[in-house]
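This is target.cif. It holds mmCIF, C-alpha atoms.
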data_input
#
loop_
_atom_site.label_atom_id
_atom_site.label_comp_id
_atom_site.auth_asym_id
_atom_site.auth_seq_id
_atom_site.Cartn_x
_atom_site.Cartn_y
_atom_site.Cartn_z
CA MET A 1 -28.30 47.67 -49.59
CA VAL A 2 -25.82 46.73 -46.89
CA ALA A 3 -26.01 43.36 -45.14
CA VAL A 4 -24.18 41.77 -42.20
CA VAL A 5 -23.98 37.98 -42.50
CA THR A 6 -23.04 35.98 -39.40
CA ASP A 7 -21.65 32.48 -38.83
CA VAL A 8 -19.77 32.21 -42.10
CA HIS A 9 -17.92 29.07 -41.06
CA TYR A 10 -21.04 27.19 -42.18
CA ARG A 11 -21.00 26.14 -45.81
CA MET A 12 -24.67 27.16 -46.12
CA SER A 13 -23.60 30.79 -45.72
CA LEU A 14 -21.86 30.78 -49.09
CA ALA A 15 -25.04 30.68 -51.17
CA LEU A 16 -26.33 33.69 -49.23
CA ILE A 17 -23.08 35.66 -49.58
CA ARG A 18 -22.71 34.86 -53.29
CA ASP A 19 -26.31 35.63 -54.24
CA LEU A 20 -26.28 38.95 -52.39
CA GLY A 21 -22.85 39.99 -53.63
CA GLN A 22 -23.74 39.27 -57.24
CA ALA A 23 -26.96 41.29 -56.82
CA GLY A 24 -24.93 44.33 -55.78
CA VAL A 25 -25.47 44.14 -52.02
CA ARG A 26 -22.49 45.23 -49.93
CA VAL A 27 -21.93 42.10 -47.82
CA ILE A 28 -20.05 42.35 -44.53
CA THR A 29 -19.28 38.92 -43.13
CA CYS A 30 -18.47 38.21 -39.49
CA GLU A 31 -17.51 35.23 -37.38
CA ARG A 32 -16.32 34.39 -33.89
CA SER A 33 -12.55 34.27 -33.57
CA GLY A 34 -12.66 30.66 -32.38
CA GLN A 35 -14.31 29.48 -35.60
CA ARG A 36 -11.28 29.80 -37.87
CA PRO A 37 -11.09 29.04 -40.74
CA ALA A 38 -14.38 30.45 -42.01
CA PRO A 39 -15.01 29.83 -45.73
CA GLY A 40 -17.37 32.79 -46.10
CA ALA A 41 -14.66 35.15 -44.87
CA VAL A 42 -12.59 34.59 -48.00
CA SER A 43 -15.39 34.74 -50.55
CA ARG A 44 -14.84 37.24 -53.35
CA TRP A 45 -18.34 38.54 -52.62
CA SER A 46 -17.50 39.53 -49.04
CA ALA A 47 -16.77 43.27 -49.14
CA ARG A 48 -15.23 43.09 -45.66
CA HIS A 49 -14.80 40.46 -42.97
CA VAL A 50 -14.76 41.08 -39.21
CA TRP A 51 -13.64 38.64 -36.53
CA LEU A 52 -15.68 38.96 -33.32
CA PRO A 53 -14.25 38.07 -29.89
CA ASP A 54 -15.69 34.83 -28.54
CA ASP A 55 -16.19 36.10 -24.99
CA ARG A 56 -18.39 39.05 -25.99
CA TRP A 57 -19.65 38.27 -29.48
CA PRO A 58 -23.27 39.50 -28.98
CA GLU A 59 -21.97 42.89 -27.86
CA ALA A 60 -19.36 42.87 -30.64
CA LEU A 61 -22.04 42.06 -33.21
CA ALA A 62 -24.16 44.95 -31.97
CA GLU A 63 -21.13 47.24 -32.18
CA LEU A 64 -20.48 46.07 -35.76
CA CYS A 65 -24.08 46.86 -36.73
CA ARG A 66 -23.90 50.32 -35.14
CA LYS A 67 -20.60 51.21 -36.82
CA THR A 68 -21.84 49.90 -40.16
CA GLY A 69 -24.97 51.99 -39.80
CA GLU A 70 -22.94 55.11 -39.03
CA GLN A 71 -20.65 54.49 -41.99
CA TYR A 72 -23.39 53.97 -44.57
CA GLY A 73 -26.22 56.01 -43.05
CA CYS A 74 -28.61 53.07 -42.64
CA ARG A 75 -29.59 50.12 -40.53
CA PRO A 76 -27.87 47.14 -42.20
CA ALA A 77 -29.87 44.00 -42.88
CA LEU A 78 -28.71 41.49 -40.24
CA LEU A 79 -28.83 37.93 -41.57
CA PRO A 80 -28.04 35.23 -38.95
CA VAL A 81 -26.94 31.87 -40.39
CA GLY A 82 -26.32 29.79 -37.26
CA ALA A 83 -28.89 28.59 -34.74
CA ALA A 84 -27.03 30.12 -31.77
CA SER A 85 -26.96 33.58 -33.35
CA LEU A 86 -30.61 33.33 -34.32
CA SER A 87 -31.54 32.32 -30.77
CA MET A 88 -29.57 35.21 -29.31
CA LEU A 89 -31.26 37.70 -31.64
CA ALA A 90 -34.69 36.30 -30.78
CA ASP A 91 -33.93 37.12 -27.13
CA ARG A 92 -32.61 40.61 -27.96
CA THR A 93 -34.85 41.59 -30.86
CA GLU A 94 -35.71 45.03 -29.50
CA GLU A 95 -32.05 45.93 -29.00
CA PHE A 96 -30.94 44.78 -32.45
CA SER A 97 -34.00 46.17 -34.27
CA ALA A 98 -32.83 49.65 -33.22
CA ILE A 99 -29.53 49.20 -35.10
CA SER A 100 -30.33 46.69 -37.88
CA GLY A 101 -33.06 45.20 -40.03
CA LEU A 102 -34.37 41.80 -38.98
CA CYS A 103 -36.68 39.23 -40.55
CA ILE A 104 -36.46 36.34 -38.08
CA PRO A 105 -38.82 34.18 -36.00
CA ALA A 106 -39.94 35.38 -32.58
CA ARG A 107 -38.78 33.43 -29.51
CA ARG A 108 -42.09 31.59 -29.11
CA GLN A 109 -41.99 30.58 -32.79
CA LEU A 110 -38.43 29.29 -32.49
CA ASP A 111 -39.22 27.29 -29.38
CA LEU A 112 -42.32 25.73 -30.94
CA LEU A 113 -40.68 24.78 -34.24
CA ASN A 114 -37.57 23.44 -32.51
CA SER A 115 -39.68 21.22 -30.25
CA LYS A 116 -40.48 17.95 -32.01
CA SER A 117 -43.25 17.14 -29.57
CA GLY A 118 -44.72 20.65 -29.70
CA LEU A 119 -44.64 20.71 -33.50
CA SER A 120 -46.19 17.24 -33.68
CA GLU A 121 -49.06 18.31 -31.42
CA LEU A 122 -49.64 21.46 -33.50
CA ALA A 123 -49.55 19.46 -36.75
CA ALA A 124 -52.07 16.96 -35.43
CA ARG A 125 -54.39 19.81 -34.45
CA LEU A 126 -54.06 21.28 -37.95
CA GLN A 127 -54.72 17.85 -39.52
CA ILE A 128 -51.20 17.54 -40.92
CA PRO A 129 -50.05 13.89 -41.06
CA VAL A 130 -47.30 12.99 -38.58
CA PRO A 131 -45.71 9.60 -37.83
CA GLU A 132 -47.30 7.55 -35.06
CA SER A 133 -45.67 8.27 -31.70
CA PHE A 134 -45.15 6.01 -28.68
CA ARG A 135 -44.70 6.85 -24.99
CA VAL A 136 -43.73 4.99 -21.87
CA ARG A 137 -46.80 4.03 -19.85
CA GLY A 138 -46.99 4.62 -16.11
CA ASN A 139 -44.40 2.53 -14.31
CA GLU A 140 -43.33 0.72 -17.48
CA THR A 141 -39.59 0.15 -17.70
CA ILE A 142 -37.57 1.16 -20.74
CA GLN A 143 -37.02 -2.55 -21.48
CA GLU A 144 -40.75 -3.26 -21.37
CA PHE A 145 -41.45 -0.23 -23.54
CA SER A 146 -38.80 -1.25 -26.08
CA ALA A 147 -40.24 -4.77 -26.28
CA ARG A 148 -43.80 -3.68 -27.17
CA ILE A 149 -43.30 -0.83 -29.68
CA PRO A 150 -43.29 -1.58 -33.44
CA LEU A 151 -39.83 -1.82 -34.99
CA PRO A 152 -37.96 -0.28 -36.67
CA CYS A 153 -38.61 3.04 -34.98
CA VAL A 154 -36.93 6.44 -34.81
CA ILE A 155 -35.78 7.82 -31.45
CA LYS A 156 -34.68 11.45 -31.09
CA PRO A 157 -34.44 14.18 -28.44
CA VAL A 158 -37.11 16.87 -28.24
CA CYS A 159 -34.55 19.43 -29.49
CA GLY A 160 -31.22 18.06 -30.68
CA GLU A 161 -29.85 21.52 -31.50
CA LYS A 162 -30.03 22.63 -27.86
CA LEU A 163 -27.85 19.62 -27.00
CA GLY A 164 -25.23 20.74 -29.52
CA LEU A 165 -25.59 17.55 -31.54
CA PRO A 166 -24.58 17.46 -35.23
CA ALA A 167 -27.39 16.61 -37.67
CA GLU A 168 -26.42 12.95 -38.04
CA SER A 169 -26.46 12.43 -34.24
CA ARG A 170 -29.90 13.88 -33.56
CA TYR A 171 -31.75 10.60 -34.05
CA ILE A 172 -31.23 6.84 -34.00
CA ILE A 173 -33.07 4.24 -36.07
CA ALA A 174 -33.60 1.23 -33.78
CA ARG A 175 -34.26 -2.15 -35.36
CA THR A 176 -34.24 -4.38 -32.28
CA PRO A 177 -35.62 -3.98 -28.74
CA ALA A 178 -32.06 -3.79 -27.44
CA GLU A 179 -31.19 -0.96 -29.84
CA ALA A 180 -34.40 0.86 -28.95
CA GLY A 181 -33.70 0.61 -25.23
CA ALA A 182 -30.12 1.80 -25.63
CA ALA A 183 -31.15 4.73 -27.85
CA TYR A 184 -33.92 5.76 -25.46
CA GLN A 185 -31.56 5.70 -22.47
CA HIS A 186 -28.88 7.58 -24.46
CA PHE A 187 -31.12 10.55 -25.27
CA LEU A 188 -32.79 10.46 -21.85
CA THR A 189 -29.38 10.81 -20.22
CA LEU A 190 -28.31 13.60 -22.59
CA ALA A 191 -31.46 15.71 -22.47
CA LYS A 192 -32.79 14.87 -18.97
CA GLU A 193 -36.25 14.39 -20.51
CA PRO A 194 -37.95 11.54 -22.39
CA PRO A 195 -37.06 11.44 -26.09
CA VAL A 196 -39.51 11.30 -28.97
CA VAL A 197 -40.22 7.79 -30.31
CA GLN A 198 -41.91 7.55 -33.72
CA ALA A 199 -42.75 4.95 -36.32
CA TRP A 200 -40.11 4.61 -39.04
CA LEU A 201 -41.25 5.48 -42.57
CA SER A 202 -39.71 3.65 -45.51
CA GLY A 203 -40.19 6.26 -48.24
CA GLY A 204 -38.11 9.15 -49.52
CA GLY A 205 -37.16 12.34 -47.73
CA LEU A 206 -38.63 15.69 -48.72
CA GLY A 207 -38.22 19.29 -47.63
CA CYS A 208 -40.47 22.30 -48.03
CA SER A 209 -38.65 25.53 -47.21
CA VAL A 210 -40.34 28.90 -46.89
CA LEU A 211 -39.63 32.54 -46.27
CA ALA A 212 -42.56 33.98 -44.35
CA GLN A 213 -43.62 37.36 -43.01
CA ASP A 214 -46.38 37.84 -40.45
CA GLY A 215 -47.92 34.45 -41.15
CA LYS A 216 -47.85 34.66 -44.95
CA VAL A 217 -45.55 32.66 -47.20
CA GLN A 218 -43.46 35.02 -49.34
CA ALA A 219 -41.36 32.41 -51.16
CA VAL A 220 -41.06 28.64 -51.26
CA ILE A 221 -38.68 25.97 -52.55
CA SER A 222 -39.19 22.22 -52.11
CA HIS A 223 -36.70 19.41 -52.64
CA ARG A 224 -36.28 15.66 -52.59
CA ARG A 225 -33.31 14.01 -50.92
CA LEU A 226 -31.49 11.76 -53.38
CA ARG A 227 -28.43 10.79 -51.33
CA GLU A 228 -27.07 11.50 -47.85
CA TYR A 229 -23.97 10.96 -45.76
CA PRO A 230 -23.56 9.26 -43.35
CA LEU A 231 -25.64 6.62 -45.12
CA SER A 232 -27.48 5.70 -41.92
CA GLY A 233 -29.13 9.10 -42.00
CA GLY A 234 -27.12 12.29 -42.26
CA PRO A 235 -27.20 15.61 -44.11
CA SER A 236 -28.23 15.52 -47.76
CA THR A 237 -25.34 15.25 -50.22
CA CYS A 238 -27.51 15.40 -53.35
CA CYS A 239 -31.00 16.81 -53.71
CA ARG A 240 -33.36 17.91 -56.47
CA CYS A 241 -35.73 20.87 -56.54
CA GLU A 242 -39.36 19.79 -57.02
CA ASN A 243 -42.63 21.68 -57.35
CA ARG A 244 -44.73 20.36 -54.43
CA PRO A 245 -47.91 22.40 -53.92
CA ASP A 246 -49.19 19.63 -51.62
CA LEU A 247 -46.34 20.25 -49.17
CA LEU A 248 -46.77 24.00 -49.41
CA GLU A 249 -50.45 23.67 -48.51
CA LEU A 250 -49.57 21.74 -45.34
CA VAL A 251 -46.75 24.09 -44.35
CA SER A 252 -48.91 27.16 -44.97
CA ARG A 253 -51.28 25.97 -42.24
CA ILE A 254 -48.46 26.13 -39.68
CA VAL A 255 -47.09 29.43 -41.00
CA SER A 256 -50.52 31.03 -40.74
CA GLU A 257 -51.37 29.52 -37.35
CA ILE A 258 -48.24 30.77 -35.59
CA ARG A 259 -47.87 33.94 -37.74
CA LEU A 260 -44.34 32.93 -38.66
CA THR A 261 -41.74 35.43 -39.81
CA GLY A 262 -38.38 34.36 -41.23
CA LEU A 263 -36.90 31.29 -42.87
CA SER A 264 -37.83 27.70 -42.04
CA MET A 265 -37.41 24.28 -43.62
CA PHE A 266 -40.08 21.66 -42.89
CA GLU A 267 -38.87 18.08 -43.25
CA PHE A 268 -41.18 15.34 -44.49
CA LYS A 269 -40.82 11.60 -45.01
CA GLU A 270 -42.95 9.45 -47.29
CA ASP A 271 -44.50 6.14 -46.32
CA SER A 272 -44.46 3.11 -48.61
CA GLN A 273 -47.39 4.61 -50.56
CA GLY A 274 -45.65 7.94 -51.15
CA ARG A 275 -47.77 9.88 -48.64
CA PRO A 276 -45.80 12.67 -46.88
CA TYR A 277 -45.63 12.93 -43.08
CA LEU A 278 -44.18 15.92 -41.24
CA LEU A 279 -41.11 15.03 -39.16
CA GLU A 280 -39.64 18.31 -37.91
CA ALA A 281 -38.81 21.92 -38.72
CA ASN A 282 -35.56 23.86 -38.93
CA PRO A 283 -36.49 27.53 -38.36
CA ARG A 284 -33.30 28.97 -39.83
CA ILE A 285 -31.02 28.56 -42.83
CA TRP A 286 -31.04 24.82 -43.51
CA GLY A 287 -28.44 22.36 -44.81
CA THR A 288 -29.61 22.32 -48.43
CA PHE A 289 -29.96 26.12 -48.58
CA PRO A 290 -27.47 26.26 -51.53
CA LEU A 291 -30.26 24.76 -53.63
CA THR A 292 -31.94 28.18 -53.48
CA ARG A 293 -28.99 29.48 -55.50
CA ALA A 294 -28.72 26.48 -57.81
CA ALA A 295 -32.43 26.77 -58.67
CA HIS A 296 -32.23 30.58 -59.17
CA SER A 297 -35.02 31.12 -56.64
CA ASN A 298 -33.97 34.63 -55.49
CA ILE A 299 -34.90 33.66 -51.92
CA PRO A 300 -31.62 34.96 -50.41
CA LEU A 301 -32.12 38.38 -52.00
CA LEU A 302 -35.76 38.52 -50.90
CA TRP A 303 -34.76 37.69 -47.31
CA CYS A 304 -32.18 40.47 -47.38
CA THR A 305 -34.72 42.91 -48.85
CA LEU A 306 -37.38 42.12 -46.23
CA SER A 307 -34.76 42.52 -43.49
CA TRP A 308 -33.51 45.79 -44.95
CA ASN A 309 -37.01 47.23 -45.31
CA ALA A 310 -37.80 46.32 -41.69
CA GLY A 311 -34.82 48.41 -40.57
CA ASN A 312 -35.17 51.18 -43.13
CA PRO A 313 -38.90 51.86 -43.59
CA ASP A 314 -38.16 55.36 -44.92
CA ALA A 315 -35.85 54.00 -47.63
CA PRO A 316 -37.40 50.67 -48.68
CA MET A 317 -35.99 48.63 -51.56
CA PRO A 318 -38.29 47.07 -54.17
CA ARG A 319 -38.91 43.35 -53.79
CA PRO A 320 -36.96 41.26 -56.29
CA SER A 321 -38.80 39.13 -58.82
CA LEU A 322 -39.40 35.54 -57.72
CA PRO A 323 -39.23 33.12 -60.65
CA GLN A 324 -40.41 29.54 -60.25
CA PRO A 325 -37.37 27.64 -58.89
CA LEU A 326 -35.75 25.55 -61.60
CA PRO A 327 -36.02 21.73 -61.24
CA ARG A 328 -32.28 21.33 -60.78
CA LYS A 329 -30.10 19.02 -58.75
CA MET A 330 -27.42 20.21 -56.33
CA VAL A 331 -24.54 18.21 -54.82
CA PHE A 332 -21.93 18.53 -52.12
CA ALA A 333 -19.28 16.72 -54.16
CA ALA A 334 -16.81 15.73 -51.44
CA SER A 335 -19.36 14.13 -49.11
CA ASP A 336 -21.38 12.71 -52.02
CA LEU A 337 -18.33 10.88 -53.39
CA THR A 338 -17.42 9.68 -49.89
CA GLY A 339 -20.89 8.19 -49.53
CA GLY A 340 -20.60 6.69 -53.01
CA ALA A 341 -17.33 4.97 -52.10
CA ILE A 342 -18.96 3.43 -49.02
CA GLN A 343 -21.91 2.27 -51.13
CA LEU A 344 -19.45 0.54 -53.46
CA ARG A 345 -17.83 -1.29 -50.53
CA HIS A 346 -21.30 -2.38 -49.40
CA GLY A 347 -22.06 -3.87 -52.80
CA HIS A 348 -24.24 -1.05 -54.22
CA PRO A 349 -22.32 0.12 -57.31
CA ILE A 350 -25.35 1.79 -58.94
CA GLU A 351 -25.49 4.44 -56.19
CA THR A 352 -21.76 5.03 -56.66
CA VAL A 353 -22.22 5.53 -60.39
CA HIS A 354 -25.05 7.99 -59.79
CA ALA A 355 -22.85 10.03 -57.45
CA ILE A 356 -19.95 10.11 -59.91
CA LEU A 357 -22.17 11.10 -62.83
CA ASP A 358 -23.82 13.93 -60.88
CA VAL A 359 -20.49 15.28 -59.63
CA LEU A 360 -19.06 15.26 -63.16
CA ASN A 361 -22.19 16.76 -64.74
CA PRO A 362 -21.65 20.50 -65.35
CA ALA A 363 -25.43 21.00 -65.19
CA VAL A 364 -25.43 19.87 -61.53
CA PRO A 365 -23.90 22.70 -59.47
CA ASP A 366 -21.92 22.09 -56.30
CA GLY A 367 -23.27 23.70 -53.14
CA LEU A 368 -19.78 24.62 -51.96
CA PHE A 369 -17.22 24.84 -54.78
CA GLU A 370 -17.56 27.46 -57.52
CA LEU A 371 -14.92 28.26 -60.14
CA ARG A 372 -15.63 32.00 -59.88
CA ASP A 373 -15.22 31.87 -56.09
CA PRO A 374 -12.77 29.02 -55.33
CA ARG A 375 -11.20 30.13 -52.04
CA PRO A 376 -14.17 29.27 -49.75
CA GLY A 377 -14.25 25.68 -51.02
CA MET A 378 -10.56 25.23 -50.33
CA ALA A 379 -10.95 26.78 -46.87
CA TYR A 380 -13.83 24.44 -46.04
CA LEU A 381 -11.88 21.39 -47.24
CA LYS A 382 -8.94 22.51 -45.08
CA SER A 383 -11.19 22.79 -42.02
CA VAL A 384 -12.63 19.29 -42.60
CA LEU A 385 -9.17 17.76 -42.95
CA PHE A 386 -8.05 19.60 -39.81
CA ARG A 387 -10.98 18.21 -37.81
CA HIS A 388 -10.34 14.68 -39.04
CA GLY A 389 -6.68 15.01 -38.18
CA ASN A 390 -7.51 16.11 -34.64
CA ASN A 391 -9.97 13.25 -34.22
CA LYS A 392 -7.23 10.74 -35.01
CA ASN A 393 -4.83 12.21 -32.45
#
Output the file's structure in the form of structure tokens.
Amino acid sequence: MVAVVTDVHYRMSLALIRDLGQAGVRVITCERSGQRPAPGAVSRWSARHVWLPDDRWPEALAELCRKTGEQYGCRPALLPVGAASLSMLADRTEEFSAISGLCIPARRQLDLLNSKSGLSELAARLQIPVPESFRVRGNETIQEFSARIPLPCVIKPVCGEKLGLPAESRYIIARTPAEAGAAYQHFLTLAKEPPVVQAWLSGGGLGCSVLAQDGKVQAVISHRRLREYPLSGGPSTCCRCENRPDLLELVSRIVSEIRLTGLSMFEFKEDSQGRPYLLEANPRIWGTFPLTRAAHSNIPLLWCTLSWNAGNPDAPMPRPSLPQPLPRKMVFAASDLTGGAIQLRHGHPIETVHAILDVLNPAVPDGLFELRDPRPGMAYLKSVLFRHGNNKN
């Protein structure tokens, strides 16, 4: 098989590139010229890397797929990592299906899953628990609204990705009426539409991630968040694979109802009694995607195979075996240790010890750094230091 992997400046792309390369897939990585450095570009498992011009990257991507097809006599599996690329392909599916193999959500599916209010309404109709929501009444002012809703609460835009917000900036936990009013006004100004306001849940964070095809779940991996950074609520820095048939049953209702195709992670939060409530969906490769590799799930290879077979129906590849994902932990060492250092300064040394022990434990793989493929980790660290340096200037 031949695969084209986009958006390889994201660290999540590395698990995909490494799994496919080790399985014998010829992986061609590509990235926009303005996204240098790109860790996936220097992976040992990238057979070739192509920089695409920023001003015409959709056309350049199509040209890359056509030339790759001519070279290898096939339609390459096209695997989009970033949300922008996925959105573009959803709008131009017919064009790209003629030159590549795709297994991605349709536009209507993307729009529904990316809409927190739309997903919440669908979940309620399918009897999937969601946090209680609150809305401004009639001529009620934001100050009046903020004074009457239960606190703490979570305030977030309908679709933070469309606003270009990083994960940690897509919601605010408000603990006072003043904080609630400021957060509401902040997202209202950014998005030009009322934000979503939900009850805050005190339990742990969970994720149920699926690969679906025509409304049927083909593979699943679930995880529990153990630590995150920033501590106020950011991307997961340490997570553990768990077998959660209860989450899969809830997610399967949505997958079947909208006839989902492609990858999607459904995020849940537990209440004080441990009952899961659906918060949102990420219909693409998600932040903890490297856990699919750590747990030996074979999900990346299955996604590539389904994409390939869609583009090459006369030369289909057999589906890989799908073992039960191993109950393993996975860390992002650099951010996990940063969060641990902050916990220590805040007087929580136990969390710091847990982070150190997991990072030092050879049985807990890192989602970024691998000894057999060290260059991407160094490239990513360089890009982070470069961004921090620019922010200080």
Expand the PyMOL selection byres ((chain A and resi 96) around 12) into the explicit residue set it covers here, and present it as a ChimeraX atom specification.
/A:58-66,69,75-80,85-86,88-95,97-104,307,310-311
Leaving out Leu16 of chain A and any residue of its chain fewer than 2 positions from it, which residues lie within 10 Å of it when counting all atoms listed in the file, given as a ChimeraX atom specification?
/A:5,8,11-14,18-21,27,40,45,79,81,285,289-290,292-293,298-301,303-304
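Minimum atom-to-atom distances from A:Gly234, A:Pro362, A:Pro194, A:Pro39 to Leu381 of chain A were compared using only C-alpha atoms, and the lowest value belongs to A:Pro39.
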Compile the contact shell of segment 32-38 of chain A as number ranges by chain: residues with an atom at most 9 Å away, counting all atoms listed in the file, same-chain residues fewer than 5 positions apart removed.
A: 6-11, 50-54, 57, 376, 379-380, 382-383
Residues in the PyMOL selection byres ((chain A and resi 168) around 12), expressed as a PyMOL selection string
chain A and resi 156+160-161+164-167+169-173+228-236+287
Give one line per residue of segment 186-295 of chain A that approaches segment 139-146 of chain A to at most 12 Å, naming the two atoms of the closest pair and their distance in Å to one decimal, counting all atoms listed in the file; sort by chain then ascending residue number and deliver it as JSON lines.
{"residue": "A:His186", "atom": "CA", "partner": "A:Ile142", "partner_atom": "CA", "distance": 11.4}
{"residue": "A:Leu188", "atom": "CA", "partner": "A:Ile142", "partner_atom": "CA", "distance": 10.5}
{"residue": "A:Pro194", "atom": "CA", "partner": "A:Ile142", "partner_atom": "CA", "distance": 10.5}
{"residue": "A:Pro195", "atom": "CA", "partner": "A:Ile142", "partner_atom": "CA", "distance": 11.6}
{"residue": "A:Val197", "atom": "CA", "partner": "A:Ser146", "partner_atom": "CA", "distance": 10.1}
Excluding Val25 of chain A and its own-chain neighbours fewer than 5 positions away, which residues fall within 8 Å of it when counting all atoms listed in the file? Please give them as a list of chain:residue names.
A:Met1, A:Val2, A:Ala3, A:Leu20
Just so the selection is clear, what residues does the PyMOL selection byres ((chain A and resi 111-127) around 10) cover here, as a short mmCIF file (atom, residue, chain, number, x, y, z; two decimals) with C-alpha atoms, in the frame of the given file?
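File selection.cif, as written:
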data_model
loop_
_atom_site.label_atom_id
_atom_site.label_comp_id
_atom_site.auth_asym_id
_atom_site.auth_seq_id
_atom_site.Cartn_x
_atom_site.Cartn_y
_atom_site.Cartn_z
CA SER A 87 -31.54 32.32 -30.77
CA PRO A 105 -38.82 34.18 -36.00
CA ALA A 106 -39.94 35.38 -32.58
CA ARG A 107 -38.78 33.43 -29.51
CA ARG A 108 -42.09 31.59 -29.11
CA GLN A 109 -41.99 30.58 -32.79
CA LEU A 110 -38.43 29.29 -32.49
CA ILE A 128 -51.20 17.54 -40.92
CA PRO A 129 -50.05 13.89 -41.06
CA VAL A 130 -47.30 12.99 -38.58
CA PRO A 131 -45.71 9.60 -37.83
CA GLU A 132 -47.30 7.55 -35.06
CA SER A 133 -45.67 8.27 -31.70
CA LYS A 156 -34.68 11.45 -31.09
CA PRO A 157 -34.44 14.18 -28.44
CA VAL A 158 -37.11 16.87 -28.24
CA CYS A 159 -34.55 19.43 -29.49
CA GLY A 160 -31.22 18.06 -30.68
CA GLU A 161 -29.85 21.52 -31.50
CA LYS A 162 -30.03 22.63 -27.86
CA PRO A 195 -37.06 11.44 -26.09
CA VAL A 196 -39.51 11.30 -28.97
CA VAL A 197 -40.22 7.79 -30.31
CA LEU A 250 -49.57 21.74 -45.34
CA VAL A 251 -46.75 24.09 -44.35
CA ARG A 253 -51.28 25.97 -42.24
CA ILE A 254 -48.46 26.13 -39.68
CA GLU A 257 -51.37 29.52 -37.35
CA ILE A 258 -48.24 30.77 -35.59
CA LEU A 260 -44.34 32.93 -38.66
CA SER A 264 -37.83 27.70 -42.04
CA MET A 265 -37.41 24.28 -43.62
CA PHE A 266 -40.08 21.66 -42.89
CA TYR A 277 -45.63 12.93 -43.08
CA LEU A 278 -44.18 15.92 -41.24
CA LEU A 279 -41.11 15.03 -39.16
CA GLU A 280 -39.64 18.31 -37.91
CA ALA A 281 -38.81 21.92 -38.72
CA ASN A 282 -35.56 23.86 -38.93
CA PRO A 283 -36.49 27.53 -38.36
#
Pick from A:Cys208, A:Ala178, A:Ile356, A:Ala83, whichever lies nearest to Pro245 of chain A using all atoms listed in the file:
A:Cys208
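Note that the spacing between atom CA of Gln22 of chain A and atom CA of Ala315 of chain A amounts to 21.4 Å.
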Which is closest to Glu351 of chain A among A:Ala295, A:Ala191, A:Ala147, A:Cys238, if we use only C-alpha atoms?
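Among the listed residues, the smallest separation from Glu351 of chain A belongs to A:Cys238.
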What's the 8 Å shell around His296 of chain A, counting all atoms listed in the file, without same-chain residues fewer than 4 positions away, as a VMD selection string?
chain A and resid 292 323 325 to 326
Using only C-alpha atoms: which of A:Asp358, A:Glu249, A:Glu193, A:Asp373 has the shortest distance to Met330 of chain A:
A:Asp358
Nearest to Pro327 of chain A, chosen from A:Arg275, A:Asn243, A:Val255, A:Leu368, with all atoms listed in the file counted in the distances:
A:Asn243
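Minimum atom-to-atom distance to Ser256 of chain A, evaluated using all atoms listed in the file, belongs to A:Val217 out of A:Val217, A:Ile149, A:Ile155, A:Leu163.
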I'd like the interatomic distance between atom CA of Asp366 of chain A and atom CA of Gly347 of chain A, to a tenth of an Å.
26.2 Å
What is the atom CA of Gly215 of chain A-atom CA of Ser252 of chain A distance in Å, reported with one decimal?
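Calculated distance between atom CA of Gly215 of chain A and atom CA of Ser252 of chain A is 8.3 Å.
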